[in-house]
Every structure is written in structure tokens, then in C-alpha cells.
$ cat model.cif   # mmCIF, C-alpha atoms
data_protein
#
loop_
_atom_site.group_PDB
_atom_site.id
_atom_site.type_symbol
_atom_site.label_atom_id
_atom_site.label_comp_id
_atom_site.auth_asym_id
_atom_site.auth_seq_id
_atom_site.Cartn_x
_atom_site.Cartn_y
_atom_site.Cartn_z
ATOM 1 C CA MET U 89 157.334 62.479 79.068
ATOM 2 C CA ASP U 90 155.064 64.725 77.006
ATOM 3 C CA ILE U 91 154.695 63.424 73.444
ATOM 4 C CA GLY U 92 151.959 64.133 70.923
ATOM 5 C CA ILE U 93 151.146 63.524 67.286
ATOM 6 C CA GLN U 94 150.212 65.848 64.430
ATOM 7 C CA ILE U 95 147.750 64.742 61.767
ATOM 8 C CA GLU U 96 147.627 66.501 58.398
ATOM 9 C CA PRO U 97 144.000 66.217 57.141
ATOM 10 C CA GLN U 98 144.921 67.691 53.748
ATOM 11 C CA PHE U 99 146.656 64.428 52.845
ATOM 12 C CA GLY U 100 143.287 62.760 52.332
ATOM 13 C CA TYR U 101 142.435 61.239 55.699
ATOM 14 C CA SER U 102 138.827 60.231 56.321
ATOM 15 C CA TYR U 103 137.202 61.005 59.655
ATOM 16 C CA ASP U 104 137.501 57.346 60.616
ATOM 17 C CA ASP U 105 141.243 57.501 59.865
ATOM 18 C CA VAL U 106 141.760 60.607 62.013
ATOM 19 C CA ALA U 107 139.584 59.347 64.871
ATOM 20 C CA GLY U 108 141.395 56.001 64.811
ATOM 21 C CA ILE U 109 144.782 57.702 64.981
ATOM 22 C CA ALA U 110 143.608 59.950 67.838
ATOM 23 C CA ARG U 111 142.192 57.003 69.811
ATOM 24 C CA ALA U 112 145.378 54.980 69.254
ATOM 25 C CA ALA U 113 147.478 57.951 70.388
ATOM 26 C CA GLU U 114 145.345 58.271 73.500
ATOM 27 C CA ALA U 115 145.554 54.528 74.244
ATOM 28 C CA SER U 116 149.345 54.659 73.791
ATOM 29 C CA GLY U 117 149.723 57.345 76.444
ATOM 30 C CA LEU U 118 150.493 60.232 74.113
ATOM 31 C CA THR U 119 149.429 63.581 75.542
ATOM 32 C CA ARG U 120 148.299 65.595 72.503
ATOM 33 C CA VAL U 121 146.762 65.351 69.064
ATOM 34 C CA TRP U 122 147.371 68.277 66.757
ATOM 35 C CA LEU U 123 145.692 68.922 63.408
ATOM 36 C CA SER U 124 146.911 71.266 60.706
ATOM 37 C CA ASP U 125 144.528 73.953 59.482
ATOM 38 C CA HIS U 126 144.591 73.701 55.705
ATOM 39 C CA LEU U 127 141.783 73.816 53.176
ATOM 40 C CA PHE U 128 143.449 71.580 50.570
ATOM 41 C CA LEU U 129 146.843 70.073 49.862
ATOM 42 C CA ASP U 130 147.857 71.784 46.613
ATOM 43 C CA ALA U 131 146.460 72.945 43.271
ATOM 44 C CA ASP U 132 146.462 69.395 41.893
ATOM 45 C CA ALA U 133 144.669 67.813 44.861
ATOM 46 C CA VAL U 134 141.235 67.843 43.231
ATOM 47 C CA ALA U 135 140.333 64.336 44.427
ATOM 48 C CA THR U 136 142.168 64.490 47.779
ATOM 49 C CA ASP U 137 139.800 64.934 50.713
ATOM 50 C CA CYS U 138 140.596 67.567 53.317
ATOM 51 C CA LEU U 139 138.314 67.805 56.321
ATOM 52 C CA GLU U 140 137.958 71.298 57.798
ATOM 53 C CA ALA U 141 140.092 71.526 60.934
ATOM 54 C CA TRP U 142 137.714 73.084 63.486
ATOM 55 C CA THR U 143 134.803 70.761 62.685
ATOM 56 C CA LEU U 144 137.238 67.853 62.815
ATOM 57 C CA LEU U 145 138.540 69.069 66.180
ATOM 58 C CA ALA U 146 134.984 69.336 67.545
ATOM 59 C CA SER U 147 134.294 65.750 66.525
ATOM 60 C CA LEU U 148 137.511 64.528 68.141
ATOM 61 C CA ALA U 149 136.540 66.395 71.312
ATOM 62 C CA ARG U 150 133.596 64.003 71.602
ATOM 63 C CA ASP U 151 135.351 60.860 70.334
ATOM 64 C CA THR U 152 138.343 60.998 72.706
ATOM 65 C CA ILE U 153 138.480 61.071 76.488
ATOM 66 C CA ARG U 154 141.689 62.498 77.948
ATOM 67 C CA ILE U 155 144.131 63.475 75.205
ATOM 68 C CA ARG U 156 144.618 67.208 74.690
ATOM 69 C CA LEU U 157 143.547 68.597 71.310
ATOM 70 C CA GLY U 158 144.590 71.522 69.178
ATOM 71 C CA LEU U 159 145.453 72.985 65.816
ATOM 72 C CA MET U 160 149.068 73.520 64.837
ATOM 73 C CA VAL U 161 148.115 76.276 64.091
ATOM 74 C CA SER U 162 144.773 77.777 63.109
ATOM 75 C CA CYS U 163 145.078 80.421 60.405
ATOM 76 C CA GLN U 164 143.544 83.559 61.899
ATOM 77 C CA SER U 165 142.556 84.852 58.456
ATOM 78 C CA TYR U 166 140.190 81.980 57.657
ATOM 79 C CA ARG U 167 137.619 82.801 60.341
ATOM 80 C CA ASN U 168 136.246 85.983 61.816
ATOM 81 C CA PRO U 169 138.001 86.472 65.198
ATOM 82 C CA ALA U 170 134.770 86.675 67.233
ATOM 83 C CA LEU U 171 133.481 83.503 65.594
ATOM 84 C CA LEU U 172 136.846 81.841 66.224
ATOM 85 C CA ALA U 173 136.589 82.764 69.919
ATOM 86 C CA LYS U 174 133.128 81.154 70.095
ATOM 87 C CA MET U 175 134.323 78.057 68.233
ATOM 88 C CA ALA U 176 137.301 77.608 70.553
ATOM 89 C CA ALA U 177 135.180 78.087 73.670
ATOM 90 C CA GLY U 178 132.702 75.509 72.370
ATOM 91 C CA VAL U 179 135.389 72.947 71.540
ATOM 92 C CA ASP U 180 136.981 73.469 74.957
ATOM 93 C CA ARG U 181 133.586 72.798 76.575
ATOM 94 C CA MET U 182 132.837 69.770 74.361
ATOM 95 C CA SER U 183 136.234 68.293 75.192
ATOM 96 C CA GLY U 184 135.886 68.785 78.925
ATOM 97 C CA GLY U 185 138.648 71.408 78.960
ATOM 98 C CA ARG U 186 141.220 69.752 76.694
ATOM 99 C CA LEU U 187 141.661 72.379 73.952
ATOM 100 C CA GLU U 188 144.984 74.067 73.326
ATOM 101 C CA PHE U 189 144.311 77.098 71.130
ATOM 102 C CA GLY U 190 146.967 77.245 68.411
ATOM 103 C CA VAL U 191 146.890 80.260 66.108
ATOM 104 C CA GLY U 192 149.158 81.941 63.596
ATOM 105 C CA ALA U 193 149.202 84.734 61.015
ATOM 106 C CA GLY U 194 148.752 82.443 57.986
ATOM 107 C CA TRP U 195 151.087 81.791 55.089
ATOM 108 C CA LYS U 196 149.603 79.584 52.346
ATOM 109 C CA GLU U 197 148.792 82.131 49.653
ATOM 110 C CA LEU U 198 147.344 79.477 47.339
ATOM 111 C CA GLU U 199 144.580 78.708 49.869
ATOM 112 C CA TYR U 200 143.862 82.379 50.494
ATOM 113 C CA ARG U 201 143.420 83.073 46.794
ATOM 114 C CA ALA U 202 141.388 79.937 46.072
ATOM 115 C CA TYR U 203 138.899 80.698 48.854
ATOM 116 C CA GLY U 204 138.612 84.405 48.091
ATOM 117 C CA TYR U 205 140.525 85.709 51.107
ATOM 118 C CA GLU U 206 142.785 88.729 50.778
ATOM 119 C CA PHE U 207 146.444 87.814 51.174
ATOM 120 C CA PRO U 208 147.939 90.961 52.681
ATOM 121 C CA GLU U 209 151.592 91.588 53.413
ATOM 122 C CA PRO U 210 153.088 89.784 56.433
ATOM 123 C CA ALA U 211 152.957 92.898 58.649
ATOM 124 C CA VAL U 212 149.208 93.215 58.024
ATOM 125 C CA ARG U 213 148.648 89.524 58.766
ATOM 126 C CA VAL U 214 150.498 89.979 62.057
ATOM 127 C CA ASP U 215 148.296 93.008 62.851
ATOM 128 C CA GLU U 216 145.300 90.748 62.201
ATOM 129 C CA LEU U 217 146.769 88.073 64.475
ATOM 130 C CA VAL U 218 147.235 90.573 67.303
ATOM 131 C CA ASP U 219 143.641 91.781 66.880
ATOM 132 C CA THR U 220 142.433 88.169 66.792
ATOM 133 C CA LEU U 221 144.248 87.323 70.029
ATOM 134 C CA GLU U 222 142.938 90.456 71.726
ATOM 135 C CA ILE U 223 139.363 89.715 70.627
ATOM 136 C CA CYS U 224 139.547 86.056 71.651
ATOM 137 C CA THR U 225 141.051 86.702 75.073
ATOM 138 C CA ARG U 226 138.542 89.458 75.797
ATOM 139 C CA MET U 227 135.604 87.329 74.707
ATOM 140 C CA TRP U 228 136.805 84.417 76.861
ATOM 141 C CA THR U 229 137.084 86.582 79.976
ATOM 142 C CA GLN U 230 134.561 89.435 79.711
ATOM 143 C CA ASP U 231 130.761 89.322 79.799
ATOM 144 C CA ARG U 232 130.600 91.746 76.875
ATOM 145 C CA ALA U 233 133.743 92.365 74.893
ATOM 146 C CA THR U 234 134.515 95.524 72.943
ATOM 147 C CA TYR U 235 137.690 96.137 70.976
ATOM 148 C CA SER U 236 138.762 98.252 68.018
ATOM 149 C CA GLY U 237 142.073 97.200 66.514
ATOM 150 C CA LYS U 238 143.983 97.883 63.330
ATOM 151 C CA ARG U 239 142.054 95.304 61.286
ATOM 152 C CA TYR U 240 139.193 93.872 63.381
ATOM 153 C CA ARG U 241 136.658 95.224 65.848
ATOM 154 C CA ILE U 242 133.852 93.977 68.057
ATOM 155 C CA ALA U 243 131.205 95.799 70.101
ATOM 156 C CA ASP U 244 129.575 94.171 73.127
ATOM 157 C CA ALA U 245 130.321 90.711 71.711
ATOM 158 C CA LEU U 246 129.072 87.804 73.800
ATOM 159 C CA CYS U 247 130.760 84.463 74.305
ATOM 160 C CA SER U 248 128.729 82.033 76.315
ATOM 161 C CA PRO U 249 129.677 79.489 77.354
ATOM 162 C CA LYS U 250 133.179 80.553 78.222
ATOM 163 C CA PRO U 251 135.994 78.014 77.874
ATOM 164 C CA LEU U 252 136.299 75.612 80.813
ATOM 165 C CA GLN U 253 139.994 76.411 81.114
ATOM 166 C CA ALA U 254 140.872 79.809 82.502
ATOM 167 C CA PRO U 255 142.997 80.862 80.858
ATOM 168 C CA LEU U 256 142.618 78.836 77.701
ATOM 169 C CA PRO U 257 146.180 77.778 76.744
ATOM 170 C CA ILE U 258 147.383 79.637 73.642
ATOM 171 C CA TRP U 259 150.067 78.391 71.242
ATOM 172 C CA ILE U 260 151.409 80.931 68.750
ATOM 173 C CA GLY U 261 153.021 79.743 65.534
ATOM 174 C CA GLY U 262 155.582 81.709 63.546
ATOM 175 C CA THR U 263 159.231 82.662 63.361
ATOM 176 C CA LYS U 264 159.732 86.409 62.971
ATOM 177 C CA PRO U 265 160.618 88.779 65.848
ATOM 178 C CA ARG U 266 157.203 90.487 65.892
ATOM 179 C CA ILE U 267 155.458 87.105 66.152
ATOM 180 C CA MET U 268 157.809 86.233 69.010
ATOM 181 C CA ARG U 269 156.855 89.457 70.826
ATOM 182 C CA THR U 270 153.184 88.661 70.234
ATOM 183 C CA ALA U 271 153.744 85.155 71.637
ATOM 184 C CA ALA U 272 155.444 86.620 74.707
ATOM 185 C CA ARG U 273 152.400 88.779 75.336
ATOM 186 C CA TYR U 274 149.575 86.304 74.631
ATOM 187 C CA GLY U 275 150.956 82.800 74.416
ATOM 188 C CA ALA U 276 151.528 80.020 76.855
ATOM 189 C CA TRP U 277 153.732 78.350 74.220
ATOM 190 C CA PHE U 278 155.463 79.375 71.032
#
$ encode --input "model.cif" --output "C-alpha cells"
Amino acid sequence: MDIGIQIEPQFGYSYDDVAGIARAAEASGLTRVWLSDHLFLDADAVATDCLEAWTLLASLARDTIRIRLGLMVSCQSYRNPALLAKMAAGVDRMSGGRLEFGVGAGWKELEYRAYGYEFPEPAVRVDELVDTLEICTRMWTQDRATYSGKRYRIADALCSPKPLQAPLPIWIGGTKPRIMRTAARYGAWF
């Protein structure tokens, strides 16, 4: 049986809390630990801690042994796609090849606005997701990656080290038909 657990850092968990849950999940025979990628819970959560998801994932990569790790799902808008590709490759290496790369188009307008990100229409966010997936997959497989999409571009971008897993498993989050077509093209899971 393949059972995992999702932890929502925006509900105020400390690192010790999250690491303890991940270690207990691993010891119990669960197969995956997923984190959500949020920057805060809500507008009133001034005193509620929320650890950043990718740094939290990198720490868990070192503090666990066999359980698979991922974000359910990373918001493509919060990080430059080339940087995201490097981050994912690094976490996959640090974990010994246990990363599952979850990514989606983003939805939480309150976070976008609070952190100064544009919150474009859904079709634009999906364009950005497609560009992000194209950039990441090229950077994980090519020595020098070049791509010019609708929203993002790279020129001779380097990604070294590459992920240990080839291909790096991709989860795509979303519900609309265009996201489903994108998942069919790039994803291992939807």
C-alpha cells in the first residue's frame, strides 16, 4: 500500500514539529511526506509561523532517510523557473533521489498581493506553468538550456548537479482541462 501524509506549514508548525511528523511517518512505513507551498495562512495570521516550503523540504531531505518528499504543489509564480529547477535538482541530490516535483499554476491571490507578485488571469498563470515545466525539464536534461516561452525565457542556463532521478517525477496540481493537458504532457501524476 502507498500512503503518505501532507503537512501544512502555514498552520504554525515549527521545524521540530514538521521533522518529528516526517520521521514518525517514515518509521510507520508511510511512503511520502508532502508539504503545502504557502507563505502565510490568512490576513489575520500575524503571529502564526509559516516556514518556507522549499527550505523546509531541503532540511527534511537531510533529516529523513527513505521517505519520498515533495510539495503539494509548489506555486510556479513564487520562484523564477530557472531557480526552481536548480532548487529541485539540489533537493533531489540532498535527499538521495527522493524528491517528487509537485507544481501548479497558483491560486491564492492574497499571498500574491501581499508579497508583491502579479496575480494574472488563470490562462496567463497556466502559460507560466507550461513555461516553468519546459524550463525545468530542459535544465534537468540538457548541459545548457535555452527556451523562449510566452512568459519566461532562459539562455544557456546551467543546472549542475542534475537531479539524481532521470526523469525527476513531476506531479501537476489543478482541475481545468488545460491543466489536465499540461499534466498529460509533462507529468508523471496529476
$ closest_atom_pairs --input "model.cif" --of "segment 192-242 of chain U" --to "segment 111-130 of chain U" --cutoff "12 Å" --atoms "all atoms listed in the file" --output "CSV"
residue,atom,partner,partner_atom,distance
U:Gly192,CA,U:Asp125,CA,10.1
U:Ala193,CA,U:Asp125,CA,11.9
U:Gly194,CA,U:Asp125,CA,9.6
U:Trp195,CA,U:His126,CA,10.4
U:Lys196,CA,U:His126,CA,8.4
U:Glu197,CA,U:Asp130,CA,10.8
U:Leu198,CA,U:Asp130,CA,7.7
U:Glu199,CA,U:Leu127,CA,6.5
U:Tyr200,CA,U:Leu127,CA,9.2
U:Arg201,CA,U:Leu127,CA,11.4
U:Ala202,CA,U:Leu127,CA,9.4
U:Tyr203,CA,U:Leu127,CA,8.6
$ closest_residue --input "model.cif" --among "U:Asn168, U:Gly262, U:Arg156, U:Ala107" --to "Arg241 of chain U" --atoms "only C-alpha atoms"
U:Asn168
$ atom_distance --input "model.cif" --atom1 "atom CA of Trp142 of chain U" --atom2 "atom CA of Ala254 of chain U"
20.4 Å
$ axis_aligned_box --input "model.cif" --around "segment 183-194 of chain U" --padding-each-side "5 Å" --output "JSON"
{"center_x": 142.5, "center_y": 76.5, "center_z": 68.5, "size_x": 23.3, "size_y": 26.4, "size_z": 31.0}
$ atom_distance --input "model.cif" --atom1 "atom CA of Ile258 of chain U" --atom2 "atom CA of Tyr103 of chain U"
25.4 Å
$ residues_around --input "model.cif" --residues "segment 145-152 of chain U" --least-positions-apart "6" --cutoff "6 Å" --atoms "all atoms listed in the file" --output "list in words"
Val179, Met182 and Ser183 of chain U
$ resolve_selection --input "model.cif" --expression "the PyMOL selection byres ((chain U and resi 224) around 10)" --output "VMD selection string"
chain U and resid 169 to 174 176 to 177 218 to 223 225 to 229 233 247 256
$ closest_residue --input "model.cif" --among "U:Arg181, U:Arg186, U:Lys250, U:Arg269" --to "Arg154 of chain U" --atoms "only C-alpha atoms"
U:Arg186
$ resolve_selection --input "model.cif" --expression "the PyMOL selection byres ((chain U and resi 161) around 6)" --output "PyMOL selection string"
chain U and resi 159-160+162+190-192
$ residues_around --input "model.cif" --residues "Pro257 of chain U" --least-positions-apart "3" --cutoff "9 Å" --atoms "only C-alpha atoms" --output "VMD selection string"
chain U and resid 187 to 190 253 to 254 275 to 277
$ atom_distance --input "model.cif" --atom1 "atom CA of Pro210 of chain U" --atom2 "atom CA of Met268 of chain U"
13.9 Å
$ closest_residue --input "model.cif" --among "U:Tyr240, U:Phe278, U:Tyr101, U:Trp259" --to "Arg167 of chain U" --atoms "only C-alpha atoms"
U:Tyr240
$ residues_near_point --input "model.cif" --point "(156.2, 92.4, 66.0)" --cutoff "12 Å" --atoms "all atoms listed in the file" --output "number ranges by chain"
U: 193, 210-218, 262-273
